[in-house]
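**Q** First the structure, which I've put down as structure tokens, then a few questions once you've had a look.
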Amino acid sequence: MMITPHVLVGAALATRISNPFALVFFAVVSHFVIDMIPHHDYDINPLKKKFYKIFIDGAIAAASLWYFIAPMPFEQQALCALGGFFGIFPDGLWMLHRLFGWKFLGPYVNFHYKLHWLLIRDNNKAHPAIGFATQAIAVVLSFYALSPLFL
């Protein structure tokens, strides 16, 4: 799944979970849960040459998040930012492993990979139309949860 759905789902959890420790836990769990849903990732190999895709996706995630949390009280902003950060945190660990080859993250990366493709077996990818649709649904539901109409 791309960065934006992970960030927005994590932030959306903050609209219902006010305990920061519980929020961190459920934001991380949400990462693995939505990664199990069939989706399509964009190609980032070789990583250093295609880092711009990650940058653009991250910028879209940050701008979308800011759009929704800007009018909120500071405490709610902080919770949404915390949820968004920990919603993508598992991929951050994967990225550190890829960029720096940190071997101690190897078992975590294997665990992440197994969960990531748990429901998708054929070539480890969903059809692009299905992959786009599942991510769009996650984003739209998150927008709804973060909107003032829902709060």
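By convention here, the chains of the structure tokens are called A, B, ... in the order presented, each chain's residues are numbered starting at 1, and ligands are numbered starting at 1 in the order presented.
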Give me, as a PyMOL selection string, all polymer residues having an atom no more than 9 Å from Gly58 of chain A, counting only C-alpha atoms and skipping those fewer than 6 positions away in the same chain.
**A** chain A and resi 2-4+7
**Q** Which residues are close to Val139 of chain A, i.e. within 10 Å by only C-alpha atoms, leaving aside same-chain residues fewer than 3 positions away? Reply as a VMD selection string.
**A** chain A and resid 4 to 9 12 61 64 133 to 136 142 to 145
**Q** Applying 12 Å and only C-alpha atoms, which residues near Phe104 of chain A remain after dropping the ones on its own chain fewer than 6 positions away? List them as an mmCIF file with N, CA and C atoms, in the first residue's frame.
**A**
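Below is the file out_4.cif, written as the result:
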data_model
loop_
_atom_site.group_PDB
_atom_site.id
_atom_site.type_symbol
_atom_site.label_atom_id
_atom_site.label_comp_id
_atom_site.auth_asym_id
_atom_site.auth_seq_id
_atom_site.Cartn_x
_atom_site.Cartn_y
_atom_site.Cartn_z
ATOM 1 N N LEU A 93 10.709 1.373 8.960
ATOM 2 C CA LEU A 93 11.702 0.375 9.367
ATOM 3 C C LEU A 93 12.183 -0.430 8.164
ATOM 4 N N TRP A 94 11.245 -0.795 7.293
ATOM 5 C CA TRP A 94 11.607 -1.516 6.068
ATOM 6 C C TRP A 94 12.561 -0.666 5.217
ATOM 7 N N LEU A 96 14.626 1.709 6.225
ATOM 8 C CA LEU A 96 15.953 1.752 6.851
ATOM 9 C C LEU A 96 16.741 0.482 6.518
ATOM 10 N N HIS A 97 16.056 -0.646 6.531
ATOM 11 C CA HIS A 97 16.700 -1.909 6.177
ATOM 12 C C HIS A 97 17.190 -1.877 4.728
ATOM 13 N N ARG A 98 16.338 -1.372 3.821
ATOM 14 C CA ARG A 98 16.705 -1.314 2.397
ATOM 15 C C ARG A 98 17.840 -0.333 2.134
ATOM 16 N N ASN A 110 11.238 -9.753 7.148
ATOM 17 C CA ASN A 110 10.641 -11.023 6.721
ATOM 18 C C ASN A 110 9.211 -11.159 7.238
#
**Q** I need the residue nearest Phe89 of chain A from this list: A:Val28, A:Ala22, A:Leu105, A:Ile137. Use only C-alpha atoms for the distance.
**A**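 Closest residue, counting only C-alpha atoms: A:Val28.
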**Q** Can you work out the spacing between atom CA of His31 of chain A and atom CA of Ile88 of chain A in Å, to one decimal?
**A**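 Computing the Euclidean distance for atom CA of His31 of chain A and atom CA of Ile88 of chain A yields 6.6 Å.
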**Q** Could you list, as a PyMOL selection string, every residue within 12 Å of Met72 of chain A, counting only C-alpha atoms and ignoring same-chain residues fewer than 6 positions away?
**A** chain A and resi 14-15+65-66+78-81+146-148+151
**Q** Just to confirm, what's the straight-line distance from atom CA of Pro90 of chain A to atom CA of Tyr113 of chain A in Å (one decimal)?
**A**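 Separating atom CA of Pro90 of chain A from atom CA of Tyr113 of chain A is a distance of 10.9 Å.
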**Q** Expressed in Å to a single decimal, how great is the separation between atom CA of His116 of chain A and atom CA of Phe86 of chain A?
**A**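 Atom CA of Phe86 of chain A lies at a distance of 16.6 Å from atom CA of His116 of chain A.
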**Q** Run DSSP on the backbone and tell me which residues of segment 84-136 of chain A come out as helix (DSSP H, G or I); list them as an NGL selection string.
**A** :A and (84-100 or 103-116 or 122-124 or 128-136)
